[in-house]
Amino acid sequence: MMNGMDRTFYMDYAATTPVDPRVTEAMLPYLTEHFGNPNSLYTLGRDGYRALEAARERMASGIGAQPTEFVFTGCGTESDNEAVVCISQMVAERKNRRHLMVSAFEHHAVLHPAEWLAKNGFELTVLKPRKDGIIHAEDLQAVLREDTALVSVMAANNEIGTIQPLKDLADATHAVGAYFHTDAVQALGKIPFDVADLGVDAASFSAHKIYGPKGVGGLYLKKGTPFRPLLMGGGQEMKRRSGTQNVAGAVAFAKALELMLDEQDQEAVRLSALRDRIVDGVLNGIVNTRLNGGPPKLPGYANLIMLGCEGEAMLLQLDNKGIAVSTGSACSSGSLEPSHVLLSIGCPAEEAHGSLRVTLGRFTTDEDVDYFLEVLPPIVARLRSMNPLYERMYGAVK
Amino acid sequence: MMNGMDRTFYMDYAATTPVDPRVTEAMLPYLTEHFGNPNSLYTLGRDGYRALEAARERMASGIGAQPTEFVFTGCGTESDNEAVVCISQMVAERKNRRHLMVSAFEHHAVLHPAEWLAKNGFELTVLKPRKDGIIHAEDLQAVLREDTALVSVMAANNEIGTIQPLKDLADATHAVGAYFHTDAVQALGKIPFDVADLGVDAASFSAHKIYGPKGVGGLYLKKGTPFRPLLMGGGQEMKRRSGTQNVAGAVAFAKALELMLDEQDQEAVRLSALRDRIVDGVLNGIVNTRLNGGPPKLPGYANLIMLGCEGEAMLLQLDNKGIAVSTGSACSSGSLEPSHVLLSIGCPAEEAHGSLRVTLGRFTTDEDVDYFLEVLPPIVARLRSMNPLYERMYGAVK
Amino acid sequence: MYSEKVMEHFNNPRNVGVIENADGVGEVGNPVCGDVMKITIKVDGTDHIQDVKFQTLGCGAAIATSSIVTEMARGMTVQDAAKISKQQVADELGGLPPAKMHCSVLATDGLKVAVDDYLVKHGREPIAGPIKSSDPHFDPHAEEDEEHTHEEACDL
Amino acid sequence: MYSEKVMEHFNNPRNVGVIENADGVGEVGNPVCGDVMKITIKVDGTDHIQDVKFQTLGCGAAIATSSIVTEMARGMTVQDAAKISKQQVADELGGLPPAKMHCSVLATDGLKVAVDDYLVKHGREPIAGPIKSSDPHFDPHAEEDEEHTHEEACDL
Ligand SMILES: Cc1ncc(COP(=O)(O)O)c(C=O)c1O
Ligand SMILES: Cc1ncc(COP(=O)(O)O)c(C=O)c1O
């Protein structure tokens, strides 16, 4: 390992996750022995088809949908693009509604397609969450219009982990006759998520956030939701997404979801407790620190600000110690603006640059948390001591 | 195995391929140990990034391109859609050219996006190949126009295996100032394919046709080719294809291509010889049979017609004997029309229903061919004896 | 895709062949769409089908539905045989994929045409009347809309 | 991403601190964009930089460029120090990612401002003149086009 540590203290589960060994085991036979094209008629193809359809059933039942309502895609981003672009365009065509509403802290996989539509015949409203990191139904109601085609609000935010009141938002959306999509990439498997209970019309998922492989996504499309395929071709996936299906990936995704659901309750408790230890440890142990967003939040998610520190520098210093976290600092992304999520909840840019996102997961232990809480304070102190403005802005470094 | 055979005699390598064990071995560490998000800044992420970029370099050098010209995608279908839709739309926007030309025997992943564009502001010419299964440059010249934006002709056809004269076609296309895309999904790794030599502007690839995993594609985009991303979001892949990259898939694809190139010359000889044995065996051993398309053809590809037999019935009977092949019969696809590829080369529908596509590959042996040639004739004889029209149309069954 | 019973009938079709000097002959379908079925029946003095044989060019479902319809028809009166519906055929086989339901139409149509042939030959009124798929000039694509046809195919 | 030398300077920055009673002080950058650098220099009677120290709030590249620029400047005349270019800084570090080139601008700007401060304090003509990033009201986003900024980010 480059950082010279025996092991990595991985605390960036919101960015991606390792494939669980049980998932690898489930998927491997579909790469090798059962490699048939699921669209082929012979035995080998039918084996693949059955595995694919069994995976679809498990995905669908895991989110409270019918199997025919669940489409496998090539990633969460693809699902988001399909939902935002294709539903909107079909609603526009059929119902002459050309207004879109997305929240300001959506993932770029929703924001950018929405902005693209805004340049291609749609009107776009971008709704800011409140300071708590929540889109409130009454705020949504205030911007909905008679000609709203689609509303897209994520189930839980990827940077601050805040859980959105989807049912209320979907109800408000339906009240004006619009469709409701949610990016559930972060929420899936971590909190109860049932499309029927929530009343959403479309939802996006991604396997690599729940211990499945990268490059496998899912799209829930409620029966009757206007849609056109974004990827056109062989007509696979009930004509909604062409391309030879990634059978191994689908099997892996279904297995990954099954494990998430089996372990959801106990993991929610365990990860919330670990997260709380991190949050308390930082807020009590280091002066001039803050917590962003929520409650309610995904278990294991914490977004913290170390005033007077720059995020990338913290991240790299932590990496030297084998700890992997992420930051909303501009520098980390090569752009000049810090995280649009943090800005959207009213966090000033100079504070956002000092944010650390710590997201815990299946393989995080108590010892990892101890280690993090031991390693972080001297890093923060050192960086603050190098900051020419620190004393002027926040007082002496302790 | 459902067919009760000890093993499968797989002869449908054009449909998909098993992942080569050497490829599985190369990709596995990127699912588990090196699972980092390649966009993350810490060591684990940088490891993923390096693996991804090394894979990109190997893909690019394997096709004679620069690394910055190669984009990893989610499948061959996605690449085709991106090339056809996004290049065309950008050329239209920038140069006000709104005419498209695709060959009639393109894969549906090219045909359907082209037809979609034809309903959305473009004019579409669909050019038939000649009886030999080739698009001749002079035929293309005759339909090119001043306002042609994009020409798309596949490098080799997936059903009849015919290899297209890409260089001449690209030259003719460039002569009118249009861009040239080729679907090289079937050709990649099987015959020399160098984008610089051929002068193509864009090319599509898919890993699962060359012993890599399903759900991994590639898109070559020559520097300067007008393009907009189809999948918008995080801005990965040099802003041309958003979505967390499938690092394991990219590594697998690069390894798969490396193996194809290493073994290309000897495999071309070996598979051509095996294919010729099949073709000779069928044409000489069974009356009223025909061969479709070519030369030139991909090594290992044969498309044969057994007059008076229906393809799905043959396919299922062969499957009973453990042999996996495909057919251009309508019945196999649930549609009423037989293969659009066979129709496009002037094969009458009633003959196309009797087609078998036999495509050999890395794990095909001499014994497989012997076995096929032993098993096929009695199946053909039996089905013909059940055909009420056979004697009337073709004479007594032998 | 296919039920076990479909595969069983496809692999071991019953009553394959042609009855010489049959009392009724029905031929339906068109090689252009890849499905042709010929059915021959032997009928006794009480209008009961004593023997029935078929020949079919077509896919697994076409052969299986032909086979089962001959089993169903044997021993029935021609009147009852002409009433066998495509759904009954499909049900008897443990179901058919939706895209293959037209195959059971072919099988029941063939039987209907054979029954009518028998009746007309004996100077009696036909039961089913003209059957589209028995017209050799029948265009199988006439009623299909392009869109549908295109979207069904999954080329590999 | 970063070269080994960048990481080495980031992990072990040289000349961190503030020179008391410095002859020249430069402070550039803005916490709104997350980069602030302060450089203090001690200059001898022959315009040579005897000592130089820095403090930086910023990313790995910001800290590494600050560190290396102090090493480069030490012993130089103020005239030569003011001429150090962003490319020289980047080259000295074994290259910088394109998105991080602005960090070496910060480092060279800081040094220029410190040199000018020294010169002006001694009643001499400044060399560099006004430096944008030293204006506390400098808006770092003013010149960026929106499109660019958006496309850079890769949220995970
Ligand atoms: C010529 C051709 N193009 C495109 C594709 C689509 O590739 P994929 O299955 O990876 O989407 C295929 C195979 O299915 C093909 O044979
Ligand atoms: C909320 C959210 N939506 C969408 C995505 C995109 O998913 P993928 O990386 O599979 O394209 C991500 C993660 O990258 C995410 O966190």
# chains A, B, ... in the order shown; residues from 1 in each chain; ligands from 1

call {"tool": "residues_around", "arguments": {"residues": "Gly64 of chain A", "least_positions_apart": "4", "cutoff": "9 Å", "atoms": "only C-alpha atoms", "output": "number ranges by chain"}}
result
A: 59-60, 193-197

call {"tool": "write_last_selection", "arguments": {"atoms": "C-alpha atoms", "output": "short mmCIF file (atom, residue, chain, number, x, y, z; two decimals), in the first residue's frame"}}
result
data_model
loop_
_atom_site.label_atom_id
_atom_site.label_comp_id
_atom_site.auth_asym_id
_atom_site.auth_seq_id
_atom_site.Cartn_x
_atom_site.Cartn_y
_atom_site.Cartn_z
CA MET A 59 -34.44 -6.32 -6.40
CA ALA A 60 -38.09 -5.54 -6.99
CA PHE A 193 -37.25 2.21 1.29
CA ASP A 194 -40.48 0.97 -0.22
CA VAL A 195 -41.64 2.57 -3.44
CA ALA A 196 -45.26 1.69 -2.80
CA ASP A 197 -45.28 3.20 0.69
#

call {"tool": "interface_residues", "arguments": {"of": "chain B", "to": "chain D", "cutoff": "10 Å", "atoms": "only C-alpha atoms", "output": "PyMOL selection string"}}
result
chain B and resi 37+39-43+46+49-50+232-236+238-239+242-244

call {"tool": "write_last_selection", "arguments": {"atoms": "C-alpha atoms", "output": "mmCIF file, in the first residue's frame"}}
result
data_model
loop_
_atom_site.group_PDB
_atom_site.id
_atom_site.type_symbol
_atom_site.label_atom_id
_atom_site.label_comp_id
_atom_site.auth_asym_id
_atom_site.auth_seq_id
_atom_site.Cartn_x
_atom_site.Cartn_y
_atom_site.Cartn_z
ATOM 1 C CA ASN B 37 -13.298 5.025 -6.215
ATOM 2 C CA ASN B 39 -12.028 9.774 -8.286
ATOM 3 C CA SER B 40 -11.049 9.717 -4.615
ATOM 4 C CA LEU B 41 -7.877 11.494 -3.591
ATOM 5 C CA TYR B 42 -6.517 9.080 -1.010
ATOM 6 C CA THR B 43 -4.207 6.157 -1.736
ATOM 7 C CA ARG B 46 -5.347 6.760 -6.523
ATOM 8 C CA TYR B 49 -7.203 5.702 -10.790
ATOM 9 C CA ARG B 50 -3.838 4.340 -11.839
ATOM 10 C CA MET B 232 -24.243 13.699 -17.566
ATOM 11 C CA GLY B 233 -23.122 13.957 -13.980
ATOM 12 C CA GLY B 234 -19.842 13.826 -12.099
ATOM 13 C CA GLY B 235 -17.843 14.572 -15.238
ATOM 14 C CA GLN B 236 -15.779 11.386 -15.234
ATOM 15 C CA MET B 238 -12.689 13.510 -19.295
ATOM 16 C CA LYS B 239 -16.252 14.844 -19.076
ATOM 17 C CA SER B 242 -20.264 10.388 -16.204
ATOM 18 C CA GLY B 243 -20.679 7.626 -13.657
ATOM 19 C CA THR B 244 -18.226 6.054 -11.219
#

call {"tool": "residues_around", "arguments": {"residues": "Pro229 of chain B", "least_positions_apart": "5", "cutoff": "12 Å", "atoms": "only C-alpha atoms", "output": "PyMOL selection string"}}
result
(chain A and resi 77-78+81+109+112-113+116) or (chain B and resi 71+73+78-79+81-87+89-90+219+221+234-243) or (chain D and resi 151)

call {"tool": "write_last_selection", "arguments": {"atoms": "C-alpha atoms", "output": "compact mmCIF listing (two decimals), in the first residue's frame"}}
result
# COMPACT_ATOMS: atom_id res chain seq x y z
CA THR A 77 -25.70 8.01 -13.15
CA GLU A 78 -27.35 6.28 -16.10
CA ASN A 81 -30.18 10.50 -16.57
CA ALA A 109 -26.11 13.02 -12.18
CA HIS A 112 -26.60 18.23 -15.00
CA PRO A 113 -29.32 16.46 -17.00
CA TRP A 116 -29.30 20.28 -20.02
CA VAL B 71 -13.75 6.42 -23.06
CA THR B 73 -18.74 3.00 -21.18
CA GLU B 78 -24.28 2.62 -24.93
CA SER B 79 -21.23 3.39 -27.08
CA ASN B 81 -26.02 5.33 -28.89
CA GLU B 82 -23.47 7.90 -27.77
CA ALA B 83 -21.75 7.91 -31.13
CA VAL B 84 -24.89 8.03 -33.26
CA VAL B 85 -26.99 10.40 -31.17
CA CYS B 86 -24.42 12.68 -29.64
CA ILE B 87 -22.04 13.15 -32.53
CA GLN B 89 -26.62 16.24 -32.66
CA MET B 90 -23.42 18.19 -32.16
CA LEU B 219 -15.90 4.38 -27.24
CA LEU B 221 -13.59 9.46 -30.10
CA GLY B 234 -19.84 13.83 -12.10
CA GLY B 235 -17.84 14.57 -15.24
CA GLN B 236 -15.78 11.39 -15.23
CA GLU B 237 -13.98 10.07 -18.33
CA MET B 238 -12.69 13.51 -19.30
CA LYS B 239 -16.25 14.84 -19.08
CA ARG B 240 -17.47 12.57 -21.81
CA ARG B 241 -19.18 9.86 -19.78
CA SER B 242 -20.26 10.39 -16.20
CA GLY B 243 -20.68 7.63 -13.66
CA GLU D 151 -17.76 20.32 -14.97

call {"tool": "residues_near_ligand", "arguments": {"ligand": "ligand 1", "cutoff": "9 Å", "atoms": "only C-alpha atoms and all ligand atoms", "output": "compact mmCIF listing (two decimals) with N, CA and C atoms, in the first residue's frame"}}
result
# COMPACT_ATOMS: atom_id res chain seq x y z
N ASN A 37 -25.57 -15.61 -22.89
CA ASN A 37 -26.32 -14.38 -23.12
C ASN A 37 -27.77 -14.65 -22.74
N GLY A 233 -31.77 -0.13 -28.83
CA GLY A 233 -31.06 -1.21 -29.51
C GLY A 233 -31.85 -2.49 -29.48
N GLY A 234 -31.25 -3.52 -28.92
CA GLY A 234 -31.84 -4.85 -28.95
C GLY A 234 -33.17 -4.99 -28.24
N SER A 242 -31.69 -1.03 -23.64
CA SER A 242 -31.02 -2.00 -24.50
C SER A 242 -29.57 -2.20 -24.08
N GLY A 243 -29.04 -3.33 -24.53
CA GLY A 243 -27.67 -3.73 -24.18
C GLY A 243 -27.72 -5.09 -23.53
N THR A 244 -26.78 -5.95 -23.92
CA THR A 244 -26.73 -7.28 -23.30
C THR A 244 -26.63 -7.10 -21.79
N GLN A 245 -27.53 -7.75 -21.08
CA GLN A 245 -27.54 -7.54 -19.64
C GLN A 245 -26.31 -8.12 -18.97
N ASN A 246 -25.86 -7.39 -17.97
CA ASN A 246 -24.74 -7.81 -17.13
C ASN A 246 -25.30 -8.77 -16.10
N ALA B 14 -20.31 -15.16 -31.10
CA ALA B 14 -20.69 -13.81 -31.51
C ALA B 14 -21.74 -13.23 -30.58
N ALA B 15 -22.46 -14.11 -29.87
CA ALA B 15 -23.50 -13.62 -28.95
C ALA B 15 -22.87 -13.14 -27.65
N THR B 16 -21.98 -13.95 -27.12
CA THR B 16 -21.22 -13.55 -25.95
C THR B 16 -20.15 -14.60 -25.72
N GLY B 74 -20.68 1.73 -20.48
CA GLY B 74 -21.37 0.64 -19.80
C GLY B 74 -21.74 -0.53 -20.69
N CYS B 75 -21.58 -0.41 -21.97
CA CYS B 75 -21.79 -1.55 -22.89
C CYS B 75 -21.64 -1.06 -24.32
N GLY B 76 -21.60 -2.01 -25.25
CA GLY B 76 -21.49 -1.67 -26.66
C GLY B 76 -22.68 -0.84 -27.13
N THR B 77 -23.84 -1.18 -26.63
CA THR B 77 -25.05 -0.44 -27.01
C THR B 77 -24.94 1.02 -26.58
N GLU B 78 -24.44 1.24 -25.38
CA GLU B 78 -24.28 2.62 -24.93
C GLU B 78 -23.32 3.37 -25.86
N SER B 79 -22.20 2.74 -26.20
CA SER B 79 -21.23 3.39 -27.08
C SER B 79 -21.88 3.74 -28.42
N ASP B 80 -22.63 2.79 -28.98
CA ASP B 80 -23.30 3.06 -30.25
C ASP B 80 -24.27 4.22 -30.14
N GLU B 106 -26.78 -2.78 -39.84
CA GLU B 106 -26.22 -2.39 -38.55
C GLU B 106 -26.94 -3.15 -37.43
N HIS B 107 -26.27 -3.27 -36.32
CA HIS B 107 -26.92 -3.76 -35.10
C HIS B 107 -28.02 -2.78 -34.72
N HIS B 108 -29.06 -3.28 -34.04
CA HIS B 108 -30.14 -2.37 -33.63
C HIS B 108 -29.66 -1.25 -32.71
N ALA B 109 -28.50 -1.46 -32.08
CA ALA B 109 -27.96 -0.41 -31.21
C ALA B 109 -27.50 0.81 -32.02
N VAL B 110 -27.36 0.63 -33.33
CA VAL B 110 -27.11 1.77 -34.23
C VAL B 110 -28.40 2.14 -34.96
N MET B 154 -20.75 -0.70 -39.68
CA MET B 154 -20.04 -1.57 -38.75
C MET B 154 -18.75 -2.14 -39.35
N ALA B 155 -17.81 -2.46 -38.47
CA ALA B 155 -16.53 -2.99 -38.95
C ALA B 155 -16.70 -4.41 -39.46
N ALA B 156 -17.50 -5.20 -38.76
CA ALA B 156 -17.82 -6.55 -39.23
C ALA B 156 -19.21 -6.86 -38.71
N ASN B 157 -19.98 -7.54 -39.54
CA ASN B 157 -21.37 -7.79 -39.17
C ASN B 157 -21.49 -8.95 -38.17
N ASN B 158 -22.42 -8.80 -37.23
CA ASN B 158 -22.55 -9.79 -36.17
C ASN B 158 -23.24 -11.08 -36.60
N GLU B 159 -23.98 -11.05 -37.70
CA GLU B 159 -24.67 -12.28 -38.09
C GLU B 159 -23.96 -13.02 -39.20
N ASP B 183 -19.21 0.58 -35.70
CA ASP B 183 -19.49 -0.34 -34.60
C ASP B 183 -18.50 -1.50 -34.77
N ALA B 184 -17.48 -1.50 -33.93
CA ALA B 184 -16.42 -2.51 -34.05
C ALA B 184 -16.56 -3.57 -32.97
N VAL B 185 -17.78 -3.72 -32.46
CA VAL B 185 -18.01 -4.67 -31.36
C VAL B 185 -17.59 -6.08 -31.75
N GLN B 186 -17.92 -6.49 -32.96
CA GLN B 186 -17.58 -7.86 -33.37
C GLN B 186 -16.15 -7.96 -33.87
N ALA B 187 -15.64 -6.90 -34.46
CA ALA B 187 -14.32 -6.97 -35.10
C ALA B 187 -13.18 -6.91 -34.10
N SER B 204 -17.11 1.89 -31.62
CA SER B 204 -17.71 1.29 -30.42
C SER B 204 -17.17 -0.11 -30.19
N PHE B 205 -17.04 -0.44 -28.90
CA PHE B 205 -16.50 -1.74 -28.51
C PHE B 205 -17.28 -2.31 -27.32
N SER B 206 -17.18 -3.62 -27.15
CA SER B 206 -17.84 -4.25 -26.01
C SER B 206 -16.98 -5.39 -25.50
N ALA B 207 -16.80 -5.45 -24.17
CA ALA B 207 -15.85 -6.42 -23.60
C ALA B 207 -16.36 -7.86 -23.69
N HIS B 208 -17.68 -8.05 -23.61
CA HIS B 208 -18.16 -9.43 -23.46
C HIS B 208 -18.08 -10.22 -24.76
N LYS B 209 -17.70 -9.57 -25.83
CA LYS B 209 -17.51 -10.32 -27.07
C LYS B 209 -16.08 -10.83 -27.21
N LYS B 214 -19.65 -8.84 -19.30
CA LYS B 214 -20.77 -8.07 -19.85
C LYS B 214 -20.89 -6.76 -19.08
N GLY B 215 -21.47 -5.75 -19.74
CA GLY B 215 -21.67 -4.48 -19.05
C GLY B 215 -20.43 -3.61 -19.03
N VAL B 216 -19.52 -3.81 -19.97
CA VAL B 216 -18.34 -2.94 -20.09
C VAL B 216 -18.16 -2.64 -21.57
N GLY B 217 -18.15 -1.38 -21.91
CA GLY B 217 -17.99 -0.99 -23.31
C GLY B 217 -16.89 0.03 -23.45
N CYS C 154 -34.10 -9.10 -30.35
CA CYS C 154 -32.97 -8.85 -29.46
C CYS C 154 -31.75 -9.39 -30.16
N ASP C 155 -31.14 -8.64 -31.06
CA ASP C 155 -30.00 -9.21 -31.77
C ASP C 155 -28.77 -9.24 -30.89
N LEU C 156 -27.96 -10.25 -31.10
CA LEU C 156 -26.86 -10.50 -30.17
C LEU C 156 -25.51 -10.36 -30.88

call {"tool": "closest_residue", "arguments": {"among": "A:Pro21, A:Pro213, A:Pro192, A:Pro226", "to": "ligand 2", "atoms": "only C-alpha atoms and all ligand atoms"}}
result
A:Pro213

call {"tool": "residues_around", "arguments": {"residues": "Ala61 of chain D", "least_positions_apart": "2", "cutoff": "7 Å", "atoms": "only C-alpha atoms", "output": "list in words"}}
result
Val6, Cys59, Ile63, Ala64, Thr65, Lys100 and Cys103 of chain D

call {"tool": "select_by_dssp", "arguments": {"residues": "segment 34-73 of chain B", "states": "strand (DSSP E or B)", "output": "list in words"}}
result
Phe70, Val71, Phe72 and Thr73 of chain B

call {"tool": "atom_distance", "arguments": {"atom1": "atom CA of Arg362 of chain B", "atom2": "atom CA of Pro29 of chain A"}}
result
18.8 Å

call {"tool": "select_by_dssp", "arguments": {"residues": "segment 127-352 of chain A", "states": "helix (DSSP H, G or I)", "output": "VMD selection string"}}
result
chain A and resid 137 to 143 166 to 175 195 to 198 207 to 209 247 to 285 311 to 320 340 to 344 349 to 352

call {"tool": "closest_residue", "arguments": {"among": "A:Met27, A:Met101, A:Leu389, A:Leu188", "to": "Lys38 of chain D", "atoms": "only C-alpha atoms"}}
result
A:Leu389

call {"tool": "residues_around", "arguments": {"residues": "segment 17-33 of chain C", "least_positions_apart": "4", "cutoff": "7 Å", "atoms": "only C-alpha atoms", "output": "compact mmCIF listing (two decimals) with C-alpha atoms, in the first residue's frame"}}
result
# COMPACT_ATOMS: atom_id res chain seq x y z
CA LEU B 336 -42.61 -11.94 -37.26
CA ALA B 349 -37.67 -14.53 -45.70
CA GLU B 350 -38.53 -18.20 -46.13
CA MET C 37 -48.97 -26.80 -40.71
CA LYS C 38 -50.76 -29.59 -42.47
CA ILE C 39 -53.29 -31.75 -40.65
CA THR C 40 -55.06 -34.82 -42.00
CA ILE C 41 -58.03 -36.48 -40.29
CA LYS C 42 -59.84 -39.76 -40.59
CA VAL C 43 -63.48 -39.47 -39.45
CA LYS C 53 -51.72 -36.71 -38.17
CA PHE C 54 -49.76 -33.54 -38.73
CA GLN C 55 -46.74 -32.15 -40.45
CA LEU C 106 -52.01 -22.07 -36.32
CA GLY C 110 -55.26 -26.23 -39.20
CA LEU C 111 -57.72 -28.45 -37.43
CA VAL C 113 -59.69 -26.21 -41.99
CA ALA C 114 -59.40 -30.02 -41.97
CA VAL C 115 -62.83 -30.32 -40.35
CA ASP C 117 -62.70 -29.84 -45.69
CA TYR C 118 -64.30 -33.04 -44.39
CA SER C 133 -53.90 -18.36 -42.62
CA SER C 134 -55.07 -21.02 -45.08
CA PRO C 136 -51.67 -19.15 -49.78
CA PRO C 140 -48.44 -12.33 -42.48

call {"tool": "atom_distance", "arguments": {"atom1": "atom CA of Phe180 of chain B", "atom2": "atom CA of Glu337 of chain B"}}
result
29.3 Å

call {"tool": "atom_distance", "arguments": {"atom1": "atom CA of Gln79 of chain D", "atom2": "atom CA of Ile127 of chain D"}}
result
7.7 Å
